[in-house]
Amino acid sequence: MTHVTEHPLVQGGRSAALATACVRGGVAAGLGLGALAVLVIAAWISSPYPDGGPVGALHVAAGIWLLAHGADLVRTDTLSGLHAPVGIVPLLLVALPVWLVHRAARDTLDPGGDTSRPRPSPGVAVAAVAGGYLLVAAGVVVYSESGPLPADLVTAGIWLPAVVVCAAAAGVWTALGRPLPGRRQAAVALRAAGLGTLTLLGGGAVAAAVSLAWHAGRAQASFDGLAGEWSGRVTVLLLVLALLPNMAVWGAAYGLGPGFTLGTGALATPLGLVGDPTVPPFPLLAALPAEGRGTWVHWATAAVPLAAALGMGLRVGRAARPWTARDAALTALGAAWGCGAAVAVLAGAAGGPLGTGRLSGFGPVWWQAGAAAVLWGACVALPVALGVRAWGRRIPRSQRPRRVPAPGPGRVAAAVAAAVGAVGAVFGRPAAASSGSAEGRPEVVTPQAPTLLEPGGGGDSDSGKGQVPGAERFSDSGPVTAPGTGPDTGHAPGTGPDTEHAPGTGPDRGRAPGTGNGLGTGPATGKDRATTTGPGGRTAAETPAGPPYTGPDVSTGPGGGPHLAGPLADPFDDPGYEPYDYLPAAWEPSAPPPPSD
């Protein structure tokens with residue numbers, strides 16, 4: 001029997017993939033540290049008055065690298081001899097280590113064209129890359145302790161691993177195709193929160209840039225006072241560039257309402273600057289508002305969070321058209337909370353201490369800025385999302401069903417006339433004449449006056465029996481007597497008032513030939529005239545009555561009425577008998593023919 005076992009090369013390949021991921025993390029840490037070390041060494045070389053040797057420059061580079069990960073630094077060479085913390089993180093420096101860790105984790109799970117190389121699982125990749133990076137970071141923390149800017153161990157133990165793990169997880173997420181949560185509402189909320197956060201940062205950057213341009217003279221004076229030689233100015237300029245994202249976050253917090261602190265005794269909000277600010281000379285701090293109450297220029301910064309909330313509401317409302325109102329509201333609230341969380345994290349990273357005492361707090365308060373972002377989203381984004389959803393679900397007027405007006409009397413009469421004409425065409429009757437007017441009056445169907453056939457028909461086609469002299473013919477002005485016709489008019493010679501009979505039959509069928517009541521026989525005519533009760537219970541045409549006529553083909557039956565003879569005779573002596581009364585219907589079987597006499 002053959003046992004399937006895992007080849008040792010496969011196990012070795014997995015171990016090699018894990019080791020490769022660890023090495024990638026260490027290399028990313030080394031690249032970031034090396035890039036900052038090059039900048040610091042270049043600044044030290046270009047400085048006309050270096051304070052220390054290259055070892056001190058390397059210690060400064062290690063401290064700045066740890067500061068880029070969120071760890072606070074401690075200044076030991078103060079005038080008072082007390083250690084002063086430095087906790088404001090230049091956010092542009094954070095981009096370098098975050099991008100390096102992100103790329104290392106992404107490349108670990110994305111082998112490119114090499115599909116034969118084994119890949120670890122996403123969790124293992126994050127752990128391996130972060131582990132290799134943190135090993136190098138631990139050595140840098142130990143090395144910085146002997147320099148002028150050692151790292152605070154507490155903050156280094158909290159923020160440094162958090163930043164590295166989050167960056168590695170983002171890289172793995174990118175390698176997997178940036179999947180979003182399975183629920184549509186969660187994905188829309190995340191996208192809307194990202195849009196709101198970017199809008200806040202962009203608006204804050206614009207507000208800060210406008211204020212800095214307004215106070216350009218003061219900013220230029222502080223820049224010149226910090227450094228007189230070109231090397232020092234370059235260093236200050238690089239520090240200003242690294243703090244530009246911080247300025248955008250400060251501007252966003254200012255527009256949200258809570259503002260930011262300028263030490264423990266001053267607070268800057270759109271309503272005004274309160275307290276006595278303790279501000280060190282720095283070009284970016286020249287953009288701070290003047291002391292006193294705020295004006296409409298300061299109040300205009302509220303347009304920044306308003307635009308961000310409107311953007312979130314529009315994004316959620318457009319996506320929530322097929323959803324219920326409850327789902328749309330929850331999605332808008334989720335976007336508001338997501339934006340608030342992002343703002344709180346950025347506000348916490350953009351501010352921090354610059355010393356002790358009154359310098360222990362600079363920048364926005366993280367929980368106040370986050371709460372204000374959530375409040376703006378709940379008060380603006382939520383109703384906007386519901387309104388956009390309702391507007392998108394409306395039916396345009398061009399697509400609404402139109403009401404069809406009820407047909408008028410003229411249309412009803414025309415439809416009836418058309419139906420009567422169709423029935424007459426089926427049964428071979430003459431077409432009805434229609435009358436109407438051009439004013440839209442209803443057309444009235446007027447039956448034509450019956451016209452007698454020419455005499456000559458009879459019950460017996462060979463002998464000409466049934467020709468009735470003295471029969472009358474209808475005209476427009478009334479009955480006209482024709483030679484050879486009987487008193488009952490409206491019939492062809494030899495026919496009775498009850499039409500659709502064979503030659504030689506009278507009004508009362510079933511009689512013997514030779515009897516009648518003034519009616520002859522002949523070709524069948526239409527049964528389209530009003531009738532009245534005649535002799536023997538039969539109906540006759542409403543025409544001028546005349547003396548009864550007895551023809552040779554009509555006999556007198558029981559009761560004194562005429563009786564038809566021949567194959568169409570009434571086998572049951574029914575006065576209302578018609579030859580088609582006993583024909584089977586379409587759904588009934590055919591009845592056997594009646595017995596002949």
# chains A, B, ... in the order shown; residues from 1 in each chain; ligands from 1
>>> residues_around(residues="range 129-138 of chain A", least_positions_apart="4", cutoff="9 Å", atoms="only C-alpha atoms", output="PDB file with N, CA, C and O atoms, in the first residue's frame")
ATOM      1  N   LEU A  18       8.531  31.478   5.592  1.00  0.00           N
ATOM      2  CA  LEU A  18       8.424  32.181   6.865  1.00  0.00           C
ATOM      3  C   LEU A  18       9.695  32.971   7.161  1.00  0.00           C
ATOM      4  O   LEU A  18       9.642  34.133   7.610  1.00  0.00           O
ATOM      5  N   THR A  20      11.771  34.087   4.976  1.00  0.00           N
ATOM      6  CA  THR A  20      11.846  35.198   4.015  1.00  0.00           C
ATOM      7  C   THR A  20      10.993  36.369   4.470  1.00  0.00           C
ATOM      8  O   THR A  20      11.376  37.536   4.332  1.00  0.00           O
ATOM      9  N   ALA A  21       9.806  36.074   5.020  1.00  0.00           N
ATOM     10  CA  ALA A  21       8.946  37.149   5.516  1.00  0.00           C
ATOM     11  C   ALA A  21       9.605  37.895   6.668  1.00  0.00           C
ATOM     12  O   ALA A  21       9.548  39.138   6.741  1.00  0.00           O
ATOM     13  N   CYS A  22      10.261  37.181   7.571  1.00  0.00           N
ATOM     14  CA  CYS A  22      10.958  37.849   8.671  1.00  0.00           C
ATOM     15  C   CYS A  22      12.093  38.733   8.157  1.00  0.00           C
ATOM     16  O   CYS A  22      12.293  39.861   8.630  1.00  0.00           O
ATOM     17  N   VAL A  23      12.792  38.212   7.167  1.00  0.00           N
ATOM     18  CA  VAL A  23      13.898  38.997   6.608  1.00  0.00           C
ATOM     19  C   VAL A  23      13.366  40.248   5.923  1.00  0.00           C
ATOM     20  O   VAL A  23      13.965  41.326   6.012  1.00  0.00           O
ATOM     21  N   ARG A  24      12.228  40.114   5.242  1.00  0.00           N
ATOM     22  CA  ARG A  24      11.636  41.286   4.588  1.00  0.00           C
ATOM     23  C   ARG A  24      11.290  42.367   5.616  1.00  0.00           C
ATOM     24  O   ARG A  24      11.503  43.558   5.376  1.00  0.00           O
ATOM     25  N   GLY A  25      10.751  41.968   6.751  1.00  0.00           N
ATOM     26  CA  GLY A  25      10.447  42.948   7.792  1.00  0.00           C
ATOM     27  C   GLY A  25      11.693  43.638   8.318  1.00  0.00           C
ATOM     28  O   GLY A  25      11.710  44.867   8.515  1.00  0.00           O
ATOM     29  N   GLY A  26      12.751  42.867   8.572  1.00  0.00           N
ATOM     30  CA  GLY A  26      14.001  43.477   9.046  1.00  0.00           C
ATOM     31  C   GLY A  26      14.608  44.414   8.028  1.00  0.00           C
ATOM     32  O   GLY A  26      15.123  45.488   8.370  1.00  0.00           O
ATOM     33  N   VAL A  27      14.544  44.023   6.754  1.00  0.00           N
ATOM     34  CA  VAL A  27      15.098  44.890   5.701  1.00  0.00           C
ATOM     35  C   VAL A  27      14.324  46.193   5.617  1.00  0.00           C
ATOM     36  O   VAL A  27      14.903  47.274   5.417  1.00  0.00           O
ATOM     37  N   ALA A  28      12.969  46.127   5.767  1.00  0.00           N
ATOM     38  CA  ALA A  28      12.169  47.360   5.742  1.00  0.00           C
ATOM     39  C   ALA A  28      12.563  48.301   6.877  1.00  0.00           C
ATOM     40  O   ALA A  28      12.684  49.520   6.677  1.00  0.00           O
ATOM     41  N   ALA A  29      12.788  47.753   8.068  1.00  0.00           N
ATOM     42  CA  ALA A  29      13.220  48.599   9.182  1.00  0.00           C
ATOM     43  C   ALA A  29      14.593  49.205   8.913  1.00  0.00           C
ATOM     44  O   ALA A  29      14.834  50.397   9.193  1.00  0.00           O
ATOM     45  N   GLY A  30      15.478  48.428   8.356  1.00  0.00           N
ATOM     46  CA  GLY A  30      16.812  48.946   8.057  1.00  0.00           C
ATOM     47  C   GLY A  30      16.792  50.029   6.994  1.00  0.00           C
ATOM     48  O   GLY A  30      17.543  51.012   7.076  1.00  0.00           O
ATOM     49  N   LEU A  66      12.442  56.474  15.775  1.00  0.00           N
ATOM     50  CA  LEU A  66      11.461  55.996  16.755  1.00  0.00           C
ATOM     51  C   LEU A  66      10.299  56.977  16.900  1.00  0.00           C
ATOM     52  O   LEU A  66       9.143  56.567  17.110  1.00  0.00           O
ATOM     53  N   VAL A 101       6.866  48.872   5.539  1.00  0.00           N
ATOM     54  CA  VAL A 101       6.252  47.662   6.113  1.00  0.00           C
ATOM     55  C   VAL A 101       5.112  47.172   5.234  1.00  0.00           C
ATOM     56  O   VAL A 101       4.942  45.956   5.024  1.00  0.00           O
ATOM     57  N   ALA A 104       6.579  45.280   2.289  1.00  0.00           N
ATOM     58  CA  ALA A 104       7.149  43.989   2.670  1.00  0.00           C
ATOM     59  C   ALA A 104       6.058  42.932   2.862  1.00  0.00           C
ATOM     60  O   ALA A 104       6.196  41.788   2.401  1.00  0.00           O
ATOM     61  N   ALA A 105       4.978  43.277   3.545  1.00  0.00           N
ATOM     62  CA  ALA A 105       3.893  42.313   3.739  1.00  0.00           C
ATOM     63  C   ALA A 105       3.175  41.996   2.439  1.00  0.00           C
ATOM     64  O   ALA A 105       2.772  40.850   2.201  1.00  0.00           O
ATOM     65  N   THR A 108       5.209  39.577   0.390  1.00  0.00           N
ATOM     66  CA  THR A 108       5.269  38.230   0.967  1.00  0.00           C
ATOM     67  C   THR A 108       4.139  37.345   0.442  1.00  0.00           C
ATOM     68  O   THR A 108       4.336  36.145   0.188  1.00  0.00           O
ATOM     69  N   VAL A 124       0.024  34.457   9.257  1.00  0.00           N
ATOM     70  CA  VAL A 124       1.445  34.150   9.431  1.00  0.00           C
ATOM     71  C   VAL A 124       2.307  35.207   8.764  1.00  0.00           C
ATOM     72  O   VAL A 124       3.369  35.600   9.284  1.00  0.00           O
ATOM     73  N   ALA A 125       1.855  35.722   7.612  1.00  0.00           N
ATOM     74  CA  ALA A 125       2.638  36.759   6.922  1.00  0.00           C
ATOM     75  C   ALA A 125       2.710  38.034   7.756  1.00  0.00           C
ATOM     76  O   ALA A 125       3.780  38.655   7.876  1.00  0.00           O
ATOM     77  N   VAL A 142      17.139  50.244  22.297  1.00  0.00           N
ATOM     78  CA  VAL A 142      18.247  50.064  23.229  1.00  0.00           C
ATOM     79  C   VAL A 142      19.400  50.993  22.866  1.00  0.00           C
ATOM     80  O   VAL A 142      20.056  51.586  23.744  1.00  0.00           O
ATOM     81  N   TYR A 143      19.654  51.137  21.580  1.00  0.00           N
ATOM     82  CA  TYR A 143      20.770  51.994  21.150  1.00  0.00           C
ATOM     83  C   TYR A 143      20.498  53.466  21.461  1.00  0.00           C
ATOM     84  O   TYR A 143      21.410  54.225  21.814  1.00  0.00           O
ATOM     85  N   LEU A 160       4.773  51.737  18.873  1.00  0.00           N
ATOM     86  CA  LEU A 160       5.625  51.169  17.831  1.00  0.00           C
ATOM     87  C   LEU A 160       5.075  49.824  17.320  1.00  0.00           C
ATOM     88  O   LEU A 160       4.936  49.644  16.095  1.00  0.00           O
ATOM     89  N   PRO A 161       4.727  48.850  18.188  1.00  0.00           N
ATOM     90  CA  PRO A 161       4.136  47.610  17.646  1.00  0.00           C
ATOM     91  C   PRO A 161       2.786  47.832  16.958  1.00  0.00           C
ATOM     92  O   PRO A 161       2.475  47.157  15.965  1.00  0.00           O
ATOM     93  N   VAL A 164       3.385  49.132  13.397  1.00  0.00           N
ATOM     94  CA  VAL A 164       3.970  48.112  12.517  1.00  0.00           C
ATOM     95  C   VAL A 164       2.941  47.045  12.153  1.00  0.00           C
ATOM     96  O   VAL A 164       2.822  46.644  10.984  1.00  0.00           O
ATOM     97  N   VAL A 165       2.193  46.575  13.131  1.00  0.00           N
ATOM     98  CA  VAL A 165       1.201  45.535  12.838  1.00  0.00           C
ATOM     99  C   VAL A 165       0.108  46.063  11.902  1.00  0.00           C
ATOM    100  O   VAL A 165      -0.322  45.365  10.970  1.00  0.00           O
ATOM    101  N   ALA A 167       0.377  48.452   9.669  1.00  0.00           N
ATOM    102  CA  ALA A 167       0.927  48.602   8.324  1.00  0.00           C
ATOM    103  C   ALA A 167       1.091  47.246   7.638  1.00  0.00           C
ATOM    104  O   ALA A 167       0.816  47.103   6.433  1.00  0.00           O
ATOM    105  N   ALA A 168       1.522  46.218   8.391  1.00  0.00           N
ATOM    106  CA  ALA A 168       1.644  44.877   7.798  1.00  0.00           C
ATOM    107  C   ALA A 168       0.282  44.310   7.418  1.00  0.00           C
ATOM    108  O   ALA A 168       0.135  43.681   6.354  1.00  0.00           O
TER     109      ALA A 168
END
>>> residues_around(residues="Gly275 in chain A", least_positions_apart="4", cutoff="8 Å", atoms="only C-alpha atoms", output="list in words")
Gly265, Ala266 and Leu267 of chain A
>>> write_last_selection(atoms="C-alpha atoms", output="mmCIF file, in the first residue's frame")
data_model
loop_
_atom_site.group_PDB
_atom_site.id
_atom_site.type_symbol
_atom_site.label_atom_id
_atom_site.label_comp_id
_atom_site.auth_asym_id
_atom_site.auth_seq_id
_atom_site.Cartn_x
_atom_site.Cartn_y
_atom_site.Cartn_z
ATOM 1 C CA GLY A 265 -3.571 77.869 29.343
ATOM 2 C CA ALA A 266 -4.793 78.691 25.816
ATOM 3 C CA LEU A 267 -7.423 77.359 23.449
#
>>> residues_around(residues="Val234 in chain A", least_positions_apart="2", cutoff="12 Å", atoms="only C-alpha atoms", output="list in words")
Leu39, Val40, Ala42, Ala43, Trp44, Ser46, Ser47, Phe223, Asp224, Leu226, Ala227, Gly228, Glu229, Trp230, Ser231, Gly232, Val236, Leu237, Leu238, Leu239, Val240 and Leu241 of chain A
>>> residues_around(residues="Pro148 in chain A", least_positions_apart="6", cutoff="8 Å", atoms="only C-alpha atoms", output="VMD selection string")
chain A and resid 56 59 to 60 75 to 77
>>> atom_distance(atom1="CA of Pro283 in chain A", atom2="CA of Ala216 in chain A")
8.8 Å
>>> closest_residue(among="A:Thr356, A:Thr331, A:Ser121, A:Ser398", to="Pro383 in chain A", atoms="only C-alpha atoms")
A:Thr331
>>> select_by_dssp(residues="range 236-268 of chain A", states="strand (DSSP E)", output="PDB file with N, CA and C atoms, in the first residue's frame")
ATOM      1  N   PHE A 260      -7.823  73.576  19.038  1.00  0.00           N
ATOM      2  CA  PHE A 260      -6.601  72.955  19.556  1.00  0.00           C
ATOM      3  C   PHE A 260      -6.052  73.824  20.678  1.00  0.00           C
ATOM      4  N   THR A 261      -5.245  73.191  21.498  1.00  0.00           N
ATOM      5  CA  THR A 261      -4.648  73.882  22.642  1.00  0.00           C
ATOM      6  C   THR A 261      -3.269  74.391  22.272  1.00  0.00           C
ATOM      7  N   LEU A 262      -2.897  75.511  22.858  1.00  0.00           N
ATOM      8  CA  LEU A 262      -1.568  76.110  22.693  1.00  0.00           C
ATOM      9  C   LEU A 262      -0.901  76.178  24.062  1.00  0.00           C
ATOM     10  N   ALA A 266      -4.242  78.006  26.982  1.00  0.00           N
ATOM     11  CA  ALA A 266      -4.793  78.691  25.816  1.00  0.00           C
ATOM     12  C   ALA A 266      -5.525  77.684  24.938  1.00  0.00           C
ATOM     13  N   LEU A 267      -6.594  78.186  24.331  1.00  0.00           N
ATOM     14  CA  LEU A 267      -7.423  77.359  23.449  1.00  0.00           C
ATOM     15  C   LEU A 267      -7.863  78.207  22.265  1.00  0.00           C
ATOM     16  N   ALA A 268      -7.637  77.694  21.065  1.00  0.00           N
ATOM     17  CA  ALA A 268      -8.012  78.398  19.829  1.00  0.00           C
ATOM     18  C   ALA A 268      -9.178  77.669  19.176  1.00  0.00           C
TER      19      ALA A 268
END
>>> atom_distance(atom1="CA of Trp214 in chain A", atom2="CA of His298 in chain A")
12.7 Å
>>> atom_distance(atom1="CA of Thr295 in chain A", atom2="CA of Ala253 in chain A")
17.5 Å
>>> closest_residue(among="A:Gly392, A:Gly147, A:Gly272, A:Pro289", to="Ser211 in chain A", atoms="only C-alpha atoms")
A:Pro289
>>> residues_around(residues="range 175-187 of chain A", least_positions_apart="6", cutoff="8 Å", atoms="only C-alpha atoms", output="CSV table (one decimal) with C-alpha atoms, in the first residue's frame")
chain,number,residue,atom,x,y,z
A,106,ARG,CA,2.4,42.7,0.3
A,107,ASP,CA,5.3,41.1,-1.5
A,109,LEU,CA,1.8,37.1,-0.2
A,110,ASP,CA,2.1,38.3,-3.8
A,327,ASP,CA,-30.4,50.4,6.6
A,328,ALA,CA,-29.6,53.8,5.1
A,331,THR,CA,-25.0,53.1,7.2
A,334,GLY,CA,-21.6,54.0,10.7
